[in-house]
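Notes for the one structure printed next.
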Amino acid sequence: MDYRSLIEKTALKNAHGHDGKADVGSVMNKILGEFPDERKNAGKLIITVKEVVEKINSLSPEEQNSIIMEKYADILTVEKKEQEHRLHDLKNVHGRVVMRMAPSPSGPLHLGHSRMAILNDEYVKRYGGELILRIEDTNPQNIDPVAYTMIPEDLKWLNVNVTQTVIQSDRFELYYERARDLIGKGAAYMCTCEVDTFKDLLMKGKACPHRNNDPESNLEKFQEVVEGKNKDASPVLIIKTDIEHPNPSVRDWIAFRRIKGTHPRTGNRYTFYPMMNFSVAVDDHELGLTHVIRGSDHISNTEKQKYLFNYFGWEIPEYFHYGKISIPDSILKTSIIKKGIKDGIYSGWDDVKLQTVCSMARRGYQPETFRKYWIDSGLREVNAEFSWDIFNSINRLFIDPGADRYFFVKNPVSIKVENSPEINSRIPKYQGKPERGFREYHIKDSPELFITGEDLGNIKHGEKIRLKDLFNVRLENGIFRFSEIEPSKEKIKIIHWCPAGSKPFKIEKPDGTFDEGFIEPLAVNMNGIFQFERYGFVKKVSDDFGIYIHN
């Protein structure tokens with residue numbers, strides 16, 4: 001039986017999932033798993049597997065994708081089906097679900113936020129229900145007003161379907177009302193201890209001297225602070241929990257504190273602000289949350305918030321805490337970015353050196369890439385590291401089919417080809433798909449052409465090379481001489497080129513540096529995402545400027 005076609009398909013699928021490099025052992029195991037009777041012929045079969053894998057690995061990811069789409073498109077179909085069932089089911093679902101995303105408006109969303117948004121969106125799509133965007137802006141010292149518009153724009157670009165938007169600064173009166181209810185139940189008290197004194201008492205498992213004040217006096221003090229009449233240095237409202245709880249952070253925790261500063265939406269109307277654990281618990285109930293998925297760093301917060309649910313007799317949502325994802329080579333902290341923008345290090349929130357959603361959209365990443373990556377990663381409790389290689393490989397899958405090919409010559413040097421005939425060069429816009437059209441150039445005899453300085457430095461005396469889709473030349477005594485038009489039967493280097501009349505072009509890279517060179521004439525007036533052959537994918541935004549995406 002001839003397994004070559006099956007081996008090729010298996011190797012391509014394996015390479016597709018591993019940044020273009022198939023593994024001989026994985027391919028062999030897959031074949032033997034499907035055809036166990038062939039184990040007796042494993043010695044012969046491994047020879048064919050090695051040969052096919054070596055051939056597949058010698059191809060660029062673009063060439064591999066071309067073969068997949070031409071011969072084995074079902075690979076992508078299978079992947080899509082697998083993706084749809086990658087996330088495990090939520091527990092205790094009884095009909096439609098209500099879920100939420102709760103970013104702070106300190107800036108726009110970044111790559112890490114996209115995980116939270118997409119996983120919530122996927123579950124609401126699966127079960128039906130509501131997905132609430134709750135902007136948690138109860139700290140006026142950590143708000144960038146642009147975030148109020150940028151966060152919804154980022155979610156829209158990610159194709160996340162928000163059914164309701166809630167802004168916490170609109171809900172102060174609700175928070176005050178619930179605080180009064182807790183005080184009346186004897187479940188909360190006002191405290192004016194010095195911060196260090198209060199913390200020291202908690203660490204020792206001892207009660208604050210204000211803990212047993214009667215509800216009436218606590219209500220009076222609370223109202224004085226809310227109305228701005230109380231001038232104590234640091235009044236806070238405390239939720240009673242277990243003063244001897246094994247986790248000191250869960251012991252009597254602060255629910256409200258005074259904050260100085262002007263809020264961009266409410267001005268100076270409020271000065272007594274709810275802490276996150278209070279406002280979150282109240283809103284999760286009031287908005288009817290059925291399920292909450294959030295990071296494992298919120299486990300102790302969940303325990304704190306359950307005290308409010310129990311005091312009020314509210315039904316507790318189903319919580320799931322996923323592991324932390326560390327994202328290497330990334331700048332995500334908004335305080336660092338803000339300072340960088342102020343200092344001129346970054347041009348704005350969408351600077352190519354950043355990993356904000358708006359930056360990655362500007363650079364040419366696709367919203368489908370974010371969704372597939374986070375679904376494939378799954379909802380796991382263990383910590384993990386984000387893989388740029390896998391993320392870029394997924395993005396390549398989405399942009400490659402629509403990306404025409406062009407030549408960009410970095411650091412160009414001029415060469416003259418001696419004794420070549422006048423010729424029409426016909427270069428495919430997409431290899432293997434003639435229906436996509438061609439780039440056609442009339443090249444005069446003995447023309448001046450441009451190649452990269454790197455290519456020129458790597459060509460040895462007497463070596464024959466092929467100028468892609470043009471003709472072969474040989475370097476002799478520093479002069480390029482025409483050899484023949486037809487591709488050589490022997491294996492020789494193939495390099496790209498640009499004709500005379502090519503235009504200067506600059507490409508900004510993710511580290512903020514630039515590559516400069518020439519772009520072929522037919523690409524000048526074309527904008528969009530292209531693959532510059534032997535260079536990488538570029539989002540071309542003007543006649544003379546583009547942004548590098550990845551290879």
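Each chain in the structure tokens gets a letter, A, B and so on, in the order shown; residues start at 1 in every chain, and ligands are counted from 1 in the order they appear.
Residues with any atom within 9 Å of A:Ser330, counting only C-alpha atoms and excluding same-chain neighbours fewer than 5 positions away, are Lys353, Leu354 and Gln355 of chain A.
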Using only C-alpha atoms, what does the table of stretch 354-413 of chain A residues within 10 Å of stretch 500-521 of chain A look like, with each row giving the shortest atom pair and its distance in Å to one decimal, sorted by chain and ascending number, as a Markdown table?
```
| residue | atom | partner | partner_atom | distance |
| --- | --- | --- | --- | --- |
| A:Leu354 | CA | A:Pro510 | CA | 8.0 |
| A:Gln355 | CA | A:Pro510 | CA | 9.7 |
| A:Met360 | CA | A:Pro510 | CA | 9.8 |
| A:Arg363 | CA | A:Pro510 | CA | 8.5 |
| A:Tyr406 | CA | A:Glu520 | CA | 7.0 |
| A:Phe407 | CA | A:Glu520 | CA | 5.7 |
| A:Phe408 | CA | A:Ile519 | CA | 4.6 |
| A:Val409 | CA | A:Phe518 | CA | 5.2 |
| A:Lys410 | CA | A:Gly517 | CA | 4.3 |
| A:Asn411 | CA | A:Gly517 | CA | 5.1 |
| A:Pro412 | CA | A:Gly517 | CA | 5.7 |
| A:Val413 | CA | A:Gly517 | CA | 9.3 |
```
Atomic distance atom CA of A:Thr356 - atom CA of A:Leu332, expressed in Å with one decimal: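 Atom-to-atom, atom CA of A:Thr356 to atom CA of A:Leu332, that is 7.1 Å.
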Hey, which bits of stretch 104-165 of chain A sit within 12 Å of stretch 302-323 of chain A, and for each residue what's the closest pair of atoms and how far apart in Å (one decimal), counting only C-alpha atoms, rows by chain and increasing number, as JSON lines?
```
{"residue": "A:Arg115", "atom": "CA", "partner": "A:Tyr322", "partner_atom": "CA", "distance": 10.5}
{"residue": "A:Met116", "atom": "CA", "partner": "A:Tyr322", "partner_atom": "CA", "distance": 9.8}
{"residue": "A:Leu119", "atom": "CA", "partner": "A:Tyr322", "partner_atom": "CA", "distance": 10.7}
{"residue": "A:Asn120", "atom": "CA", "partner": "A:Phe320", "partner_atom": "CA", "distance": 11.5}
```
Strand (DSSP E or B) positions in stretch 320-539 of chain A, given as a VMD selection string: chain A and resid 320 to 322 325 to 326 356 384 to 385 405 to 406 408 to 410 412 to 418 423 to 428 438 to 443 448 to 452 464 to 467 471 to 476 479 to 484 493 to 495 498 to 499 503 to 508 514 to 519 528 to 532 536 to 539
Go ahead and save the residues from that selection, with C-alpha atoms, as a PDB file, in the first residue's frame.
```pdb
ATOM      1  CA  PHE A 320     -14.239  29.454  38.028  1.00  0.00           C
ATOM      2  CA  HIS A 321     -10.703  30.770  38.519  1.00  0.00           C
ATOM      3  CA  TYR A 322      -8.367  30.214  35.583  1.00  0.00           C
ATOM      4  CA  ILE A 325      -1.025  33.555  31.630  1.00  0.00           C
ATOM      5  CA  SER A 326       2.359  35.244  31.493  1.00  0.00           C
ATOM      6  CA  THR A 356      -2.697  46.707  23.327  1.00  0.00           C
ATOM      7  CA  ALA A 384       0.907  28.914  31.563  1.00  0.00           C
ATOM      8  CA  GLU A 385       3.033  31.025  29.250  1.00  0.00           C
ATOM      9  CA  ARG A 405       2.923  38.407  -2.926  1.00  0.00           C
ATOM     10  CA  TYR A 406       5.245  41.269  -3.809  1.00  0.00           C
ATOM     11  CA  PHE A 408      10.572  44.299  -1.151  1.00  0.00           C
ATOM     12  CA  VAL A 409      14.344  44.699  -1.433  1.00  0.00           C
ATOM     13  CA  LYS A 410      15.852  45.687   1.905  1.00  0.00           C
ATOM     14  CA  PRO A 412      19.133  47.572  -1.982  1.00  0.00           C
ATOM     15  CA  VAL A 413      22.217  47.456  -4.141  1.00  0.00           C
ATOM     16  CA  SER A 414      22.218  48.017  -7.892  1.00  0.00           C
ATOM     17  CA  ILE A 415      23.467  45.297 -10.229  1.00  0.00           C
ATOM     18  CA  LYS A 416      23.714  45.240 -14.018  1.00  0.00           C
ATOM     19  CA  VAL A 417      23.125  41.997 -15.882  1.00  0.00           C
ATOM     20  CA  GLU A 418      25.317  41.592 -18.959  1.00  0.00           C
ATOM     21  CA  ILE A 423      12.051  39.698 -21.579  1.00  0.00           C
ATOM     22  CA  ASN A 424       8.591  39.898 -20.032  1.00  0.00           C
ATOM     23  CA  SER A 425       8.575  38.699 -16.444  1.00  0.00           C
ATOM     24  CA  ARG A 426       5.311  37.174 -15.214  1.00  0.00           C
ATOM     25  CA  ILE A 427       5.302  36.726 -11.448  1.00  0.00           C
ATOM     26  CA  PRO A 428       2.350  35.040  -9.656  1.00  0.00           C
ATOM     27  CA  PHE A 438       0.257  37.993 -12.120  1.00  0.00           C
ATOM     28  CA  ARG A 439       2.632  40.934 -11.754  1.00  0.00           C
ATOM     29  CA  GLU A 440       4.041  41.591 -15.204  1.00  0.00           C
ATOM     30  CA  TYR A 441       7.137  43.629 -16.003  1.00  0.00           C
ATOM     31  CA  HIS A 442       8.865  44.326 -19.303  1.00  0.00           C
ATOM     32  CA  ILE A 443      12.584  44.041 -18.639  1.00  0.00           C
ATOM     33  CA  GLU A 448      19.820  47.468 -14.047  1.00  0.00           C
ATOM     34  CA  LEU A 449      18.126  45.621 -11.167  1.00  0.00           C
ATOM     35  CA  PHE A 450      18.119  45.881  -7.383  1.00  0.00           C
ATOM     36  CA  ILE A 451      18.815  43.030  -4.968  1.00  0.00           C
ATOM     37  CA  THR A 452      19.389  43.028  -1.211  1.00  0.00           C
ATOM     38  CA  LYS A 464      24.827  30.638 -10.550  1.00  0.00           C
ATOM     39  CA  ILE A 465      21.636  32.036  -9.023  1.00  0.00           C
ATOM     40  CA  ARG A 466      18.091  32.546 -10.217  1.00  0.00           C
ATOM     41  CA  LEU A 467      16.361  35.890 -10.165  1.00  0.00           C
ATOM     42  CA  PHE A 471      16.184  34.290 -15.496  1.00  0.00           C
ATOM     43  CA  ASN A 472      19.408  32.746 -14.211  1.00  0.00           C
ATOM     44  CA  VAL A 473      22.653  34.692 -13.900  1.00  0.00           C
ATOM     45  CA  ARG A 474      26.206  33.843 -12.923  1.00  0.00           C
ATOM     46  CA  LEU A 475      28.601  36.045 -10.973  1.00  0.00           C
ATOM     47  CA  GLU A 476      31.994  36.230 -12.661  1.00  0.00           C
ATOM     48  CA  ILE A 479      29.919  41.006 -13.002  1.00  0.00           C
ATOM     49  CA  PHE A 480      26.521  39.339 -13.330  1.00  0.00           C
ATOM     50  CA  ARG A 481      26.189  37.596 -16.678  1.00  0.00           C
ATOM     51  CA  PHE A 482      23.013  36.156 -18.161  1.00  0.00           C
ATOM     52  CA  SER A 483      22.915  32.347 -18.118  1.00  0.00           C
ATOM     53  CA  GLU A 484      19.494  31.095 -19.294  1.00  0.00           C
ATOM     54  CA  LYS A 493      19.723  29.916  -4.861  1.00  0.00           C
ATOM     55  CA  ILE A 494      16.594  31.841  -5.765  1.00  0.00           C
ATOM     56  CA  ILE A 495      16.551  35.513  -4.818  1.00  0.00           C
ATOM     57  CA  CYS A 498      13.177  44.929  -8.045  1.00  0.00           C
ATOM     58  CA  PRO A 499      13.316  46.540 -11.493  1.00  0.00           C
ATOM     59  CA  LYS A 503      10.079  53.202  -5.171  1.00  0.00           C
ATOM     60  CA  PRO A 504      11.572  53.775  -1.713  1.00  0.00           C
ATOM     61  CA  PHE A 505       9.658  52.017   1.061  1.00  0.00           C
ATOM     62  CA  LYS A 506       9.982  51.971   4.853  1.00  0.00           C
ATOM     63  CA  ILE A 507       8.721  49.236   7.201  1.00  0.00           C
ATOM     64  CA  GLU A 508       8.249  49.757  10.933  1.00  0.00           C
ATOM     65  CA  PHE A 514      12.755  50.433  10.584  1.00  0.00           C
ATOM     66  CA  ASP A 515      13.795  48.508   7.500  1.00  0.00           C
ATOM     67  CA  GLU A 516      14.223  50.586   4.357  1.00  0.00           C
ATOM     68  CA  GLY A 517      14.542  49.641   0.720  1.00  0.00           C
ATOM     69  CA  PHE A 518      12.615  49.483  -2.550  1.00  0.00           C
ATOM     70  CA  ILE A 519       9.177  48.097  -3.273  1.00  0.00           C
ATOM     71  CA  GLY A 528      -3.607  46.054   2.758  1.00  0.00           C
ATOM     72  CA  ILE A 529      -1.848  42.955   4.052  1.00  0.00           C
ATOM     73  CA  PHE A 530       0.733  41.432   1.705  1.00  0.00           C
ATOM     74  CA  GLN A 531       3.551  38.984   1.936  1.00  0.00           C
ATOM     75  CA  PHE A 532       6.858  40.404   0.842  1.00  0.00           C
ATOM     76  CA  GLY A 536       7.406  38.408   5.845  1.00  0.00           C
ATOM     77  CA  PHE A 537       3.844  39.685   6.122  1.00  0.00           C
ATOM     78  CA  VAL A 538       3.436  43.448   6.081  1.00  0.00           C
ATOM     79  CA  LYS A 539       0.420  45.696   6.494  1.00  0.00           C
TER      80      LYS A 539
END
```
Closest of A:Asp214, A:Asn395, A:Thr241, A:Ile293 to A:His16 - atom-to-atom distances counting only C-alpha atoms: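 Smallest distance to A:His16 is found for A:Asn395.
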Picked from stretch 272-306 of chain A by DSSP as alpha helix (DSSP H), as a PyMOL selection string: chain A and resi 276-286+299-306
Residue nearest A:Ile390 among A:Asn277, A:Ser5, A:Tyr270, A:Ala15 (counting only C-alpha atoms):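 Smallest separation from A:Ile390 among the options: A:Ala15.
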Closest of A:Asp351, A:Asp154, A:Glu486, A:Glu62 to A:Asn551 - atom-to-atom distances counting only C-alpha atoms: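 Closest to A:Asn551, using only C-alpha atoms: A:Glu62.
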Residues within 8 Å of stretch 99-113 of chain A, only C-alpha atoms, excluding chain neighbours under 6 positions, as a PyMOL selection string: chain A and resi 120+124+130-137+142-148+150-151+154+289-292+325+327+332+334+349+355-358
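Atom pair atom CA of A:Cys193 / atom CA of A:Arg251 has a distance of 15.7 Å (rounded to one decimal).
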Pairwise distance for atom CA of A:Ser387 and atom CA of A:Glu51, rounded to one decimal in Å: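 Computing it gives 29.1 Å between the two atoms.
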Polymer residues at most 12 Å from A:Ala233, only C-alpha atoms, same-chain spacing of 3 or more positions, as a PyMOL selection string: chain A and resi 191-195+225+230+236+257-260
For the selection you just gave me, I'd like the residues written to a file as a tab-separated table (two decimals), in the first residue's frame, keeping N, CA, C and O atoms.
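This went into selection18.tsv:
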```tsv
chain	number	residue	atom	x	y	z
A	191	CYS	N	-14.82	52.68	60.95
A	191	CYS	CA	-13.56	52.62	61.69
A	191	CYS	C	-12.73	53.85	61.37
A	191	CYS	O	-12.66	54.28	60.22
A	192	THR	N	-12.10	54.42	62.40
A	192	THR	CA	-11.23	55.58	62.19
A	192	THR	C	-9.82	55.31	62.72
A	192	THR	O	-9.07	56.23	63.00
A	193	CYS	N	-9.47	54.03	62.85
A	193	CYS	CA	-8.12	53.68	63.29
A	193	CYS	C	-7.10	54.13	62.24
A	193	CYS	O	-7.41	54.23	61.05
A	194	GLU	N	-5.87	54.36	62.68
A	194	GLU	CA	-4.79	54.57	61.75
A	194	GLU	C	-4.61	53.28	60.92
A	194	GLU	O	-4.81	52.18	61.43
A	195	VAL	N	-4.24	53.44	59.66
A	195	VAL	CA	-4.14	52.29	58.76
A	195	VAL	C	-3.21	51.23	59.33
A	195	VAL	O	-3.55	50.04	59.36
A	225	VAL	N	-19.91	60.88	56.66
A	225	VAL	CA	-18.80	60.79	55.70
A	225	VAL	C	-19.33	60.93	54.28
A	225	VAL	O	-18.74	61.64	53.45
A	230	ASN	N	-18.00	64.61	57.98
A	230	ASN	CA	-17.01	64.01	58.87
A	230	ASN	C	-15.61	64.37	58.39
A	230	ASN	O	-15.27	64.16	57.23
A	236	VAL	N	-13.17	54.62	57.29
A	236	VAL	CA	-13.44	53.50	56.38
A	236	VAL	C	-14.64	52.73	56.89
A	236	VAL	O	-14.94	52.74	58.11
A	257	ARG	N	-13.70	53.70	51.34
A	257	ARG	CA	-12.65	54.57	51.84
A	257	ARG	C	-12.76	55.92	51.17
A	257	ARG	O	-13.32	56.05	50.08
A	258	ARG	N	-12.24	56.94	51.83
A	258	ARG	CA	-12.28	58.29	51.28
A	258	ARG	C	-11.13	58.45	50.29
A	258	ARG	O	-10.00	58.05	50.55
A	259	ILE	N	-11.43	59.04	49.13
A	259	ILE	CA	-10.40	59.29	48.11
A	259	ILE	C	-10.51	60.75	47.68
A	259	ILE	O	-11.60	61.23	47.36
A	260	LYS	N	-9.38	61.41	47.66
A	260	LYS	CA	-9.34	62.78	47.16
A	260	LYS	C	-9.07	62.77	45.67
A	260	LYS	O	-8.33	61.92	45.17
```
Given only C-alpha atoms as the counted atoms, nearest of A:Phe272, A:Lys429, A:Leu158, A:Ser169 to A:Lys229: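 Of the candidates, the smallest distance to A:Lys229 is held by A:Phe272.
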Selection: 10 Å around A:Asn57, only C-alpha atoms, excl. self and same-chain fewer than 4 positions, as a list in words: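 Contacts, in chain order: Ala11, Leu12, Ala15, Gly20, Lys21, Ala22, Asp23, Val52, Val53, Pro61 and Gln64 of chain A.
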Which of A:Asn247, A:Thr48, A:Asn161, A:Thr138 sits closest to A:Pro264 [using only C-alpha atoms]: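 Closest residue, counting only C-alpha atoms: A:Thr138.
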Closest of A:Asn392, A:Ser114, A:Ser347, A:Asn527 to A:Ile375 - atom-to-atom distances counting only C-alpha atoms: A:Ser114
